[in-house]
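Note: the block below is upload.tsv and it holds TSV, C-alpha atoms and all ligand atoms.
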chain	number	residue	atom	x	y	z
A	1	MET	CA	0.07	-2.37	29.09
A	2	ASP	CA	0.15	-4.61	32.10
A	3	LYS	CA	-2.76	-4.89	34.50
A	4	ASN	CA	-2.01	-1.52	36.09
A	5	THR	CA	-1.88	0.56	32.96
A	6	LYS	CA	-4.58	-1.15	30.95
A	7	CYS	CA	-6.39	1.10	28.52
A	8	PRO	CA	-10.03	1.77	29.50
A	9	LEU	CA	-11.03	1.44	25.84
A	10	TYR	CA	-9.50	-2.02	25.43
A	11	LYS	CA	-12.76	-3.82	24.63
A	12	LYS	CA	-14.54	-1.04	22.74
A	13	CYS	CA	-11.68	-0.08	20.45
A	14	GLY	CA	-10.35	-3.51	19.61
A	15	GLY	CA	-7.09	-2.13	18.19
A	16	CYS	CA	-4.85	-3.71	20.85
A	17	GLN	CA	-5.94	-7.33	20.84
A	18	LEU	CA	-3.17	-8.50	23.18
A	19	GLN	CA	-3.22	-5.88	25.89
A	20	ASN	CA	-4.70	-8.28	28.42
A	21	LEU	CA	-1.21	-9.83	28.41
A	22	THR	CA	1.96	-8.34	29.90
A	23	TYR	CA	4.47	-7.30	27.22
A	24	ASP	CA	6.65	-10.35	27.94
A	25	LYS	CA	3.65	-12.63	27.50
A	26	GLN	CA	2.74	-10.88	24.25
A	27	LEU	CA	6.21	-11.57	22.90
A	28	GLU	CA	5.91	-15.19	24.02
A	29	PHE	CA	2.53	-15.45	22.26
A	30	LYS	CA	3.92	-14.08	19.00
A	31	MET	CA	7.00	-16.25	19.21
A	32	LYS	CA	4.84	-19.36	19.68
A	33	LYS	CA	2.76	-18.48	16.65
A	34	VAL	CA	5.83	-18.08	14.43
A	35	VAL	CA	7.29	-21.34	15.75
A	36	ARG	CA	3.98	-23.12	15.07
A	37	LEU	CA	3.88	-21.86	11.48
A	38	MET	CA	7.56	-21.78	10.57
A	39	GLY	CA	9.36	-23.93	13.14
A	40	LYS	CA	9.50	-27.02	10.95
A	41	LEU	CA	11.47	-25.09	8.32
A	42	HIS	CA	14.17	-23.75	10.63
A	43	ARG	CA	14.85	-22.69	14.21
A	44	VAL	CA	13.19	-19.36	14.93
A	45	ASP	CA	15.40	-16.70	16.55
A	46	ASP	CA	14.03	-14.92	19.63
A	47	ILE	CA	11.61	-12.15	18.74
A	48	ILE	CA	13.11	-8.67	19.11
A	49	GLY	CA	10.76	-6.60	21.27
A	50	MET	CA	10.82	-2.92	22.24
A	51	ASP	CA	12.38	-1.52	25.42
A	52	ASN	CA	9.50	0.91	25.70
A	53	PRO	CA	6.53	-0.52	23.81
A	54	TYR	CA	4.31	2.59	24.09
A	55	HIS	CA	3.46	5.56	21.90
A	56	TYR	CA	5.40	4.10	18.99
A	57	ARG	CA	2.88	4.86	16.22
A	58	ASN	CA	4.13	7.71	14.02
A	59	LYS	CA	0.88	7.77	12.03
A	60	VAL	CA	-2.34	8.56	13.84
A	61	GLN	CA	-5.83	8.78	12.41
A	62	ALA	CA	-9.03	10.02	14.04
A	63	ALA	CA	-12.57	9.99	12.69
A	64	PHE	CA	-14.83	12.91	13.59
A	65	GLY	CA	-18.54	12.78	14.36
A	66	ARG	CA	-21.10	13.40	17.11
A	67	ASP	CA	-22.22	11.37	20.09
A	68	ARG	CA	-25.85	10.84	21.14
A	69	GLN	CA	-25.81	14.13	23.05
A	70	ASN	CA	-24.73	15.80	19.81
A	71	ARG	CA	-21.26	16.63	21.17
A	72	ILE	CA	-18.36	16.58	18.72
A	73	ILE	CA	-16.22	13.50	19.19
A	74	SER	CA	-13.05	12.16	17.61
A	75	GLY	CA	-11.59	8.71	17.80
A	76	VAL	CA	-11.43	5.32	16.15
A	77	TYR	CA	-14.08	3.15	14.56
A	78	GLN	CA	-15.08	0.30	16.80
A	79	SER	CA	-13.69	-2.82	15.13
A	80	SER	CA	-15.92	-4.00	12.27
A	81	THR	CA	-18.53	-1.27	12.89
A	82	HIS	CA	-18.96	2.33	11.88
A	83	LYS	CA	-19.39	3.65	15.42
A	84	ILE	CA	-16.77	6.11	16.65
A	85	VAL	CA	-15.19	5.29	20.00
A	86	PRO	CA	-14.01	8.63	21.46
A	87	VAL	CA	-10.24	8.66	22.10
A	88	ASP	CA	-8.25	11.51	23.64
A	89	SER	CA	-5.07	9.62	24.28
A	90	CYS	CA	-3.91	6.20	23.22
A	91	LEU	CA	-1.11	4.14	24.71
A	92	ILE	CA	0.41	3.21	21.35
A	93	GLU	CA	-0.07	6.43	19.40
A	94	ASP	CA	2.34	9.34	19.28
A	95	GLU	CA	1.41	11.62	22.19
A	96	LYS	CA	1.93	14.87	20.32
A	97	ALA	CA	-0.37	13.67	17.53
A	98	ASP	CA	-3.09	12.87	20.08
A	99	GLU	CA	-2.72	16.35	21.60
A	100	ILE	CA	-3.10	17.99	18.19
A	101	ILE	CA	-6.27	16.00	17.47
A	102	VAL	CA	-7.83	17.17	20.76
A	103	THR	CA	-6.89	20.77	19.88
A	104	ILE	CA	-8.53	20.42	16.46
A	105	ARG	CA	-11.69	19.07	18.07
A	106	LYS	CA	-11.87	22.10	20.36
A	107	LEU	CA	-11.09	24.46	17.50
A	108	ILE	CA	-13.77	23.18	15.15
A	109	LYS	CA	-16.30	23.78	17.90
A	110	SER	CA	-15.18	27.37	18.48
A	111	PHE	CA	-15.00	28.02	14.72
A	112	LYS	CA	-18.50	26.55	14.35
A	113	LEU	CA	-17.27	24.05	11.77
A	114	LYS	CA	-19.26	20.82	11.64
A	115	PRO	CA	-17.97	17.29	11.90
A	116	PHE	CA	-18.97	15.18	8.93
A	117	ASP	CA	-22.10	13.08	9.18
A	118	ASP	CA	-21.71	9.79	7.31
A	119	ASN	CA	-25.41	9.02	7.25
A	120	ASN	CA	-26.61	12.01	5.28
A	121	MET	CA	-23.18	12.92	3.88
A	122	THR	CA	-23.21	16.48	5.22
A	123	GLY	CA	-20.86	18.51	7.41
A	124	PHE	CA	-17.18	19.28	7.10
A	125	LEU	CA	-14.41	17.53	9.02
A	126	ARG	CA	-14.30	13.79	8.41
A	127	HIS	CA	-10.90	12.64	9.60
A	128	VAL	CA	-7.62	14.00	10.84
A	129	LEU	CA	-4.46	12.16	9.84
A	130	ILE	CA	-1.17	13.03	11.47
A	131	LYS	CA	2.28	11.77	10.50
A	132	ARG	CA	5.30	12.58	12.60
A	133	GLY	CA	8.96	12.16	11.80
A	134	PHE	CA	10.34	10.48	14.90
A	135	LEU	CA	13.91	11.67	14.29
A	136	SER	CA	13.27	14.77	12.17
A	137	GLY	CA	10.53	16.08	14.47
A	138	GLU	CA	8.52	17.22	11.44
A	139	ILE	CA	4.74	16.95	11.76
A	140	MET	CA	2.13	16.77	8.99
A	141	VAL	CA	-1.55	17.38	9.72
A	142	VAL	CA	-4.04	16.27	7.07
A	143	LEU	CA	-7.59	17.58	7.49
A	144	VAL	CA	-9.88	15.28	5.53
A	145	THR	CA	-13.04	17.16	4.70
A	146	GLY	CA	-16.35	16.14	3.18
A	147	ASN	CA	-16.49	19.25	1.01
A	148	GLU	CA	-14.02	21.76	-0.37
A	149	GLN	CA	-15.47	24.91	1.20
A	150	PHE	CA	-13.32	25.69	4.26
A	151	LYS	CA	-14.99	28.47	6.23
A	152	SER	CA	-12.48	30.81	7.99
A	153	LYS	CA	-9.65	28.71	6.62
A	154	ARG	CA	-6.85	31.22	7.31
A	155	SER	CA	-7.83	31.96	10.88
A	156	PHE	CA	-8.36	28.27	11.61
A	157	ILE	CA	-4.86	27.45	10.34
A	158	ASN	CA	-3.36	30.32	12.31
A	159	ALA	CA	-5.15	29.26	15.47
A	160	LEU	CA	-3.90	25.67	15.05
A	161	LEU	CA	-0.32	26.81	14.37
A	162	SER	CA	-0.28	29.19	17.32
A	163	ARG	CA	-1.28	26.32	19.63
A	164	HIS	CA	1.11	23.85	17.96
A	165	PRO	CA	4.05	25.68	16.40
A	166	GLU	CA	5.74	22.27	16.00
A	167	ILE	CA	3.44	21.48	13.04
A	168	THR	CA	5.51	21.78	9.85
A	169	THR	CA	2.83	21.25	7.21
A	170	ILE	CA	-0.97	21.23	6.92
A	171	VAL	CA	-2.88	19.63	4.05
A	172	GLN	CA	-6.58	19.63	3.24
A	173	ASN	CA	-7.73	16.44	1.57
A	174	ILE	CA	-11.18	16.21	0.06
A	175	ASN	CA	-13.14	12.99	0.46
A	176	ILE	CA	-16.75	13.30	-0.67
A	177	LYS	CA	-17.33	9.62	-1.39
A	178	ARG	CA	-19.28	7.10	0.64
A	179	THR	CA	-16.24	5.00	1.47
A	180	SER	CA	-14.33	3.49	4.32
A	181	LEU	CA	-11.07	4.82	2.87
A	182	VAL	CA	-9.80	7.80	4.85
A	183	LEU	CA	-8.22	9.84	2.05
A	184	GLY	CA	-9.85	11.11	-1.13
A	185	ASP	CA	-8.13	11.91	-4.42
A	186	LYS	CA	-7.77	15.69	-4.16
A	187	SER	CA	-5.46	17.58	-1.81
A	188	PHE	CA	-4.47	21.21	-1.21
A	189	VAL	CA	-1.44	22.24	0.77
A	190	LEU	CA	-2.53	24.88	3.29
A	191	PHE	CA	0.78	25.38	5.06
A	192	GLY	CA	4.38	24.21	4.54
A	193	ASP	CA	5.35	21.90	1.69
A	194	GLY	CA	2.78	19.13	1.97
A	195	VAL	CA	5.22	16.39	3.00
A	196	ILE	CA	7.51	15.61	5.92
A	197	LYS	CA	11.04	14.28	5.92
A	198	GLU	CA	12.28	11.52	8.15
A	199	GLN	CA	15.63	9.85	8.73
A	200	LEU	CA	15.98	6.09	8.58
A	201	CYS	CA	19.23	4.07	8.70
A	202	GLY	CA	21.21	7.22	7.87
A	203	TYR	CA	19.11	8.24	4.83
A	204	THR	CA	16.41	10.86	4.47
A	205	PHE	CA	12.97	9.97	3.16
A	206	THR	CA	10.04	12.08	2.10
A	207	ILE	CA	6.70	10.97	3.49
A	208	SER	CA	3.56	12.14	1.68
A	209	PRO	CA	-0.02	11.91	3.00
A	210	LYS	CA	-0.86	8.75	1.01
A	211	ALA	CA	2.30	6.72	0.62
A	212	PHE	CA	3.01	3.68	2.75
A	213	TYR	CA	5.63	4.23	5.42
A	214	GLN	CA	6.37	1.86	8.31
A	215	ILE	CA	4.52	3.04	11.42
A	216	ASN	CA	7.08	2.07	14.09
A	217	PRO	CA	10.28	4.03	13.42
A	218	ILE	CA	12.43	2.42	16.15
A	219	GLN	CA	11.65	-1.14	15.10
A	220	THR	CA	11.85	-0.32	11.40
A	221	GLU	CA	15.58	0.34	11.84
A	222	VAL	CA	15.93	-2.94	13.70
A	223	LEU	CA	14.04	-4.79	10.95
A	224	TYR	CA	15.91	-3.22	8.03
A	225	ASN	CA	19.29	-3.69	9.71
A	226	LYS	CA	18.44	-7.38	10.11
A	227	ALA	CA	17.40	-7.54	6.45
A	228	MET	CA	20.77	-6.01	5.42
A	229	GLU	CA	22.68	-8.39	7.68
A	230	PHE	CA	20.84	-11.38	6.15
A	231	ALA	CA	21.26	-10.09	2.57
A	232	ASP	CA	25.04	-9.73	3.04
A	233	ILE	CA	25.26	-7.83	-0.25
A	234	GLN	CA	28.58	-7.87	-2.12
A	235	LYS	CA	29.86	-4.84	-3.98
A	236	ASN	CA	29.06	-5.99	-7.51
A	237	ASP	CA	25.69	-7.54	-6.66
A	238	ILE	CA	22.53	-6.81	-8.58
A	239	VAL	CA	19.80	-6.48	-5.97
A	240	ILE	CA	16.05	-6.45	-6.55
A	241	ASP	CA	13.88	-4.67	-3.97
A	242	ALA	CA	10.43	-6.06	-4.77
A	243	TYR	CA	7.29	-4.35	-3.43
A	244	CYS	CA	9.58	-1.42	-2.69
A	245	GLY	CA	7.04	1.28	-1.76
A	246	THR	CA	8.89	4.60	-1.59
A	247	GLY	CA	12.24	2.87	-2.01
A	248	THR	CA	13.42	2.72	1.60
A	249	ILE	CA	14.93	-0.76	1.59
A	250	GLY	CA	16.51	-0.44	-1.86
A	251	ILE	CA	18.09	2.91	-1.02
A	252	ILE	CA	19.51	1.51	2.21
A	253	ALA	CA	20.82	-1.51	0.25
A	254	SER	CA	22.38	0.68	-2.48
A	255	LYS	CA	25.52	1.49	-0.54
A	256	TYR	CA	26.52	-2.18	-0.43
A	257	ALA	CA	25.43	-3.11	-3.96
A	258	GLY	CA	26.55	-2.70	-7.56
A	259	GLN	CA	23.04	-1.95	-8.80
A	260	VAL	CA	19.58	-1.95	-7.21
A	261	ILE	CA	16.22	-2.22	-8.97
A	262	GLY	CA	13.08	-1.36	-7.03
A	263	VAL	CA	9.73	-2.69	-8.26
A	264	GLU	CA	6.43	-1.22	-7.12
A	265	LEU	CA	2.87	-1.21	-8.44
A	266	ASN	CA	1.70	2.15	-7.06
A	267	LYS	CA	2.85	4.94	-9.37
A	268	ASP	CA	2.79	7.65	-6.69
A	269	ALA	CA	5.04	5.51	-4.53
A	270	VAL	CA	7.42	5.07	-7.49
A	271	LYS	CA	7.55	8.86	-7.95
A	272	ASP	CA	8.35	9.27	-4.26
A	273	ALA	CA	10.98	6.52	-4.52
A	274	ARG	CA	12.74	8.31	-7.40
A	275	LYS	CA	12.65	11.57	-5.44
A	276	ASN	CA	14.06	9.79	-2.39
A	277	ALA	CA	16.94	8.38	-4.45
A	278	ARG	CA	17.79	11.87	-5.74
A	279	LEU	CA	17.44	13.39	-2.27
A	280	ASN	CA	20.09	10.96	-1.01
A	281	ASN	CA	22.33	11.23	-4.08
A	282	VAL	CA	21.96	7.52	-4.76
A	283	GLU	CA	22.86	6.82	-8.37
A	284	ASN	CA	22.97	3.04	-8.59
A	285	ILE	CA	19.23	2.53	-8.21
A	286	ASP	CA	16.33	2.42	-10.69
A	287	PHE	CA	12.64	2.06	-10.03
A	288	VAL	CA	10.17	0.19	-12.20
A	289	CYS	CA	6.43	0.75	-11.90
A	290	ALA	CA	4.99	-2.72	-12.42
A	291	ASP	CA	3.34	-5.70	-10.83
A	292	ALA	CA	6.26	-7.43	-9.13
A	293	GLY	CA	5.22	-10.87	-10.46
A	294	ARG	CA	4.88	-9.55	-14.02
A	295	TYR	CA	8.27	-7.83	-13.81
A	296	MET	CA	9.98	-10.97	-12.55
A	297	VAL	CA	8.47	-13.01	-15.40
A	298	ASP	CA	9.73	-10.43	-17.91
A	299	ILE	CA	13.30	-10.28	-16.69
A	300	ALA	CA	13.50	-14.06	-16.20
A	301	SER	CA	12.36	-14.62	-19.79
A	302	GLN	CA	14.96	-12.11	-20.99
A	303	GLY	CA	17.55	-14.30	-19.31
A	304	LEU	CA	18.63	-11.61	-16.84
A	305	SER	CA	19.89	-12.50	-13.40
A	306	ALA	CA	19.93	-11.07	-9.89
A	307	ASP	CA	22.22	-11.86	-7.00
A	308	VAL	CA	19.96	-10.91	-4.10
A	309	VAL	CA	16.19	-10.45	-4.03
A	310	ILE	CA	14.66	-8.61	-1.09
A	311	MET	CA	10.88	-8.83	-1.01
A	312	ASP	CA	8.39	-7.08	1.26
A	313	PRO	CA	4.90	-7.87	-0.06
A	314	PRO	CA	1.59	-6.75	1.50
A	315	ARG	CA	-0.39	-9.04	3.82
A	316	ALA	CA	-1.63	-11.19	0.94
A	317	GLY	CA	1.96	-12.27	0.33
A	318	SER	CA	3.58	-12.85	-3.02
A	319	ASP	CA	2.14	-14.87	-5.90
A	320	ILE	CA	3.05	-17.97	-7.81
A	321	ARG	CA	4.19	-16.05	-10.90
A	322	PHE	CA	6.64	-14.09	-8.77
A	323	LEU	CA	7.92	-17.17	-6.99
A	324	LYS	CA	8.33	-19.26	-10.14
A	325	SER	CA	10.25	-16.45	-11.85
A	326	LEU	CA	12.33	-16.05	-8.73
A	327	LEU	CA	13.41	-19.67	-9.18
A	328	LYS	CA	14.38	-18.90	-12.78
A	329	LEU	CA	16.36	-15.82	-11.78
A	330	ASN	CA	18.12	-18.03	-9.28
A	331	PRO	CA	19.53	-15.36	-6.91
A	332	ARG	CA	22.12	-16.39	-4.32
A	333	LYS	CA	19.92	-15.08	-1.51
A	334	VAL	CA	16.30	-14.19	-0.92
A	335	VAL	CA	15.38	-11.98	2.04
A	336	TYR	CA	11.63	-12.09	2.68
A	337	ILE	CA	10.12	-9.43	4.95
A	338	SER	CA	6.55	-10.22	5.93
A	339	CYS	CA	3.77	-8.76	8.02
A	340	ASN	CA	1.70	-11.93	7.79
A	341	PRO	CA	3.22	-15.22	8.98
A	342	GLU	CA	0.48	-17.27	7.25
A	343	THR	CA	1.27	-16.08	3.72
A	344	LEU	CA	4.97	-16.07	4.61
A	345	ARG	CA	4.74	-19.76	5.43
A	346	ARG	CA	2.92	-20.53	2.18
A	347	ASP	CA	5.50	-18.69	0.03
A	348	VAL	CA	8.56	-19.91	1.91
A	349	MET	CA	7.28	-23.52	1.78
A	350	PHE	CA	7.11	-23.22	-2.01
A	351	LEU	CA	10.68	-21.92	-2.24
A	352	SER	CA	12.02	-24.49	0.18
A	353	LYS	CA	10.42	-27.32	-1.82
A	354	ASN	CA	12.41	-26.02	-4.76
A	355	ASN	CA	15.95	-24.75	-4.89
A	356	TYR	CA	16.06	-22.73	-1.62
A	357	LYS	CA	16.83	-23.44	1.98
A	358	VAL	CA	15.66	-21.41	4.99
A	359	LYS	CA	18.69	-20.16	6.94
A	360	LYS	CA	17.25	-17.62	9.36
A	361	ILE	CA	13.85	-16.68	10.75
A	362	GLN	CA	13.77	-13.48	12.78
A	363	PRO	CA	10.51	-12.07	14.19
A	364	VAL	CA	10.59	-8.36	15.08
A	365	ASP	CA	7.81	-6.81	17.16
A	366	MET	CA	6.72	-3.85	15.07
A	367	PHE	CA	3.23	-3.62	16.58
A	368	PRO	CA	3.28	-4.09	20.39
A	369	HIS	CA	-0.09	-4.83	22.04
A	370	THR	CA	-1.66	-5.78	18.70
A	371	GLU	CA	-1.81	-9.27	17.25
A	372	HIS	CA	0.32	-8.34	14.21
A	373	ILE	CA	3.62	-10.11	13.64
A	374	GLU	CA	6.50	-9.09	11.39
A	375	CYS	CA	9.27	-11.50	10.34
A	376	VAL	CA	12.38	-11.39	8.22
A	377	VAL	CA	13.50	-14.67	6.67
A	378	LEU	CA	16.74	-15.53	4.89
A	379	LEU	CA	16.73	-18.19	2.19
A	380	THR	CA	19.82	-19.26	0.30
A	381	ARG	CA	20.19	-21.17	-2.93
A	382	LYS	CA	20.93	-24.87	-2.50
A	383	ALA	CA	24.34	-25.75	-3.96
B	1	LIG	N1	9.16	-2.07	1.19
B	1	LIG	C1	8.37	-0.89	1.44
B	1	LIG	C2	6.86	-1.08	1.24
B	1	LIG	C3	6.24	-2.35	1.72
B	1	LIG	S1	4.47	-2.34	1.69
B	1	LIG	C4	8.65	-0.32	2.81
B	1	LIG	O1	9.17	-1.03	3.68
B	1	LIG	O2	8.36	0.85	3.04
B	1	LIG	C5	4.09	-3.28	0.29
B	1	LIG	C6	4.16	-2.52	-1.01
B	1	LIG	O3	3.83	-3.43	-2.06
B	1	LIG	C7	3.18	-1.35	-1.14
B	1	LIG	O4	3.90	-0.21	-1.47
B	1	LIG	C8	2.24	-1.78	-2.29
B	1	LIG	O5	1.84	-0.67	-3.11
B	1	LIG	C9	3.12	-2.73	-3.07
B	1	LIG	N2	2.44	-3.72	-3.89
B	1	LIG	C10	1.28	-4.39	-3.64
B	1	LIG	N3	1.03	-5.29	-4.59
B	1	LIG	C11	2.05	-5.23	-5.48
B	1	LIG	C12	2.35	-5.93	-6.69
B	1	LIG	N4	1.55	-6.88	-7.15
B	1	LIG	N5	3.49	-5.62	-7.33
B	1	LIG	C13	4.33	-4.64	-6.86
B	1	LIG	N6	4.08	-3.95	-5.73
B	1	LIG	C14	2.96	-4.23	-5.05
The structure given in the file should be rewritten as structure tokens.
Amino acid sequence: MDKNTKCPLYKKCGGCQLQNLTYDKQLEFKMKKVVRLMGKLHRVDDIIGMDNPYHYRNKVQAAFGRDRQNRIISGVYQSSTHKIVPVDSCLIEDEKADEIIVTIRKLIKSFKLKPFDDNNMTGFLRHVLIKRGFLSGEIMVVLVTGNEQFKSKRSFINALLSRHPEITTIVQNINIKRTSLVLGDKSFVLFGDGVIKEQLCGYTFTISPKAFYQINPIQTEVLYNKAMEFADIQKNDIVIDAYCGTGTIGIIASKYAGQVIGVELNKDAVKDARKNARLNNVENIDFVCADAGRYMVDIASQGLSADVVIMDPPRAGSDIRFLKSLLKLNPRKVVYISCNPETLRRDVMFLSKNNYKVKKIQPVDMFPHTEHIECVVLLTRKA
């Protein structure tokens, strides 16, 4: 998004904090930040950017409501407010997903369905969530509704499918709570099988409406390939994939390893991870549903060991229990994948004050035009 292609919603939306900079300048900005935070620990390798840093988001969400003229609008919440900024097309979102959202907006008008009204908690359509498999081409549409009653459901679905035959599954999710979370607890599959499949690093993964899945498929391969290169797993190694989500990293690591153990707190993600292992005929992997810190304490106190620990915690980073037990487990290598350089620095500083040494710091640009920075760091055990 250089000066010529700048998005007209730049200020209002607030999603792309860096789009006033050319892409090269954005990369420079991110690089400088990582060097400032991590540079004292080790030289930082050049950030890996995208050749085409547009329309990379495979997961697109739109809120539905009305404008002052009472017209139905769909778009994003203005940052830190509850006002919807209308969006028809976005420079970072998947273009097909944006098209489908515009179609749905037109359809709800012609079907006389109402957008949801957050103030008095009435109406029907609250959000649309779309996930698209970049390689598989599969598309999931989730209609998040403020009540269960779906007037003219069949004809609505048929109308949507006739305009977008590329849609492979449609789900209705019910969210009747006053909440800023998009998805509620209850879902019904209206068409297809309720999930999509996607290929990543030669494996197939199932993506469900709720589970975490990386939003930039091209850069995810770059990131995970780097993580595998850093991990340099040997064929009898015991590998721990901590904060494993639906098991992507562990499954990719399984072909190099003796045994992999994935640890994840969210039980739905663990179910998906087990399914993904079966789907790919991976037999040397097990998943444990537990707090990663708690699990590490347990296995360290049982005197077990691990050769390589790969960790990919949420923005808050890891915790002291995890890190202390990591020291006890004493793996040969730790590969830390992070979406927050501040907590990365904190955790890596702790390890490097103890028995580990930083060997590689590799930023990967997963989120062009936004301020977010992803890094993968290799630490090895001191002699
Ligand atoms: N490695 C996965 C997911 C990374 S996202 C991937 O690349 O797809 C971080 C994951 O950590 C989420 O799935 C979240 O549910 C999980 N998580 C958060 N806190 C945790 C904790 N204390 N213990 C274990 N897992 C946790």
Using only C-alpha atoms and all ligand atoms, determine which residues fall within 10 Å of ligand LIG 1 (chain B), then list them as an NGL selection string.
:A and (211-215 or 220 or 223-224 or 241-250 or 262-270 or 273 or 288-296 or 310-319 or 322 or 337-339)
Quick one: residues within 9 Å of segment 46-61 of chain A, only C-alpha atoms counted, chain neighbours fewer than 4 positions away excluded, as a PyMOL selection string?
chain A and resi 1+23-24+27-28+30-31+75-76+90-95+97-98+101+127-134+182+213-219+222+362-369+375
Next, the residues of the selection above should be written as a short mmCIF file (atom, residue, chain, number, x, y, z; two decimals), in the coordinates of the input with C-alpha atoms.
data_model
loop_
_atom_site.label_atom_id
_atom_site.label_comp_id
_atom_site.auth_asym_id
_atom_site.auth_seq_id
_atom_site.Cartn_x
_atom_site.Cartn_y
_atom_site.Cartn_z
CA MET A 1 0.07 -2.37 29.09
CA TYR A 23 4.47 -7.30 27.22
CA ASP A 24 6.65 -10.35 27.94
CA LEU A 27 6.21 -11.57 22.90
CA GLU A 28 5.91 -15.19 24.02
CA LYS A 30 3.92 -14.08 19.00
CA MET A 31 7.00 -16.25 19.21
CA GLY A 75 -11.59 8.71 17.80
CA VAL A 76 -11.43 5.32 16.15
CA CYS A 90 -3.91 6.20 23.22
CA LEU A 91 -1.11 4.14 24.71
CA ILE A 92 0.41 3.21 21.35
CA GLU A 93 -0.07 6.43 19.40
CA ASP A 94 2.34 9.34 19.28
CA GLU A 95 1.41 11.62 22.19
CA ALA A 97 -0.37 13.67 17.53
CA ASP A 98 -3.09 12.87 20.08
CA ILE A 101 -6.27 16.00 17.47
CA HIS A 127 -10.90 12.64 9.60
CA VAL A 128 -7.62 14.00 10.84
CA LEU A 129 -4.46 12.16 9.84
CA ILE A 130 -1.17 13.03 11.47
CA LYS A 131 2.28 11.77 10.50
CA ARG A 132 5.30 12.58 12.60
CA GLY A 133 8.96 12.16 11.80
CA PHE A 134 10.34 10.48 14.90
CA VAL A 182 -9.80 7.80 4.85
CA TYR A 213 5.63 4.23 5.42
CA GLN A 214 6.37 1.86 8.31
CA ILE A 215 4.52 3.04 11.42
CA ASN A 216 7.08 2.07 14.09
CA PRO A 217 10.28 4.03 13.42
CA ILE A 218 12.43 2.42 16.15
CA GLN A 219 11.65 -1.14 15.10
CA VAL A 222 15.93 -2.94 13.70
CA GLN A 362 13.77 -13.48 12.78
CA PRO A 363 10.51 -12.07 14.19
CA VAL A 364 10.59 -8.36 15.08
CA ASP A 365 7.81 -6.81 17.16
CA MET A 366 6.72 -3.85 15.07
CA PHE A 367 3.23 -3.62 16.58
CA PRO A 368 3.28 -4.09 20.39
CA HIS A 369 -0.09 -4.83 22.04
CA CYS A 375 9.27 -11.50 10.34
#
Using all atoms listed in the file, I'd like a table of the residues in segment 58-114 of chain A that come within 8 Å of segment 8-21 of chain A; for each, show the closest atom pair and its distance in Å rounded to one decimal, ordered by chain and ascending number, as JSON lines.
{"residue": "A:Val76", "atom": "CA", "partner": "A:Cys13", "partner_atom": "CA", "distance": 6.9}
{"residue": "A:Tyr77", "atom": "CA", "partner": "A:Cys13", "partner_atom": "CA", "distance": 7.1}
{"residue": "A:Gln78", "atom": "CA", "partner": "A:Cys13", "partner_atom": "CA", "distance": 5.0}
{"residue": "A:Ser79", "atom": "CA", "partner": "A:Gly14", "partner_atom": "CA", "distance": 5.6}
{"residue": "A:Val85", "atom": "CA", "partner": "A:Cys13", "partner_atom": "CA", "distance": 6.4}
Which centre and edge lengths in Å to one decimal define the box along x, y and z that fits every listed atom of segment 205-215 of chain A plus 3 Å per side, as AutoDock Vina command-line options?
--center_x 6.1 --center_y 7.0 --center_z 6.0 --size_x 19.8 --size_y 16.3 --size_z 16.8
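One distance worth recording is that between atom CA of Glu221 of chain A and atom CA of Asp45 of chain A, which is 17.7 Å.
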Of A:Ser152, A:Lys359, A:Asn280, A:Gly137, the one nearest to Val44 of chain A when counting only C-alpha atoms is A:Lys359
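Across the structure, atom CA of Ala62 of chain A and atom CA of Leu125 of chain A are spaced 10.5 Å apart.
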With distances taken over all atoms listed in the file, the candidate from A:Val348, A:Val142, A:Leu326, A:Leu279 nearest Leu183 of chain A is A:Val142
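Minimum atom-to-atom distance to Leu161 of chain A, evaluated using all atoms listed in the file, belongs to A:Gly192 out of A:Gly146, A:Gly258, A:Pro209, A:Gly192.
Reported to one decimal place, the separation of atom CA of His372 of chain A from atom CA of Arg345 of chain A is 15.1 Å.
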Excluding Leu113 of chain A and residues on its chain fewer than 6 positions from it, collect all residues at most 10 Å away from it, counting all atoms listed in the file, and give them as JSON, numbers by chain.
{"A": [105, 107, 123, 124, 125, 150, 151, 152, 156]}
Residues near Phe230 of chain A, cut-off 10 Å, only C-alpha atoms, skip fewer than 5 positions along chain, as a ChimeraX atom specification
/A:224-225,310,333-336,359-362,376-380
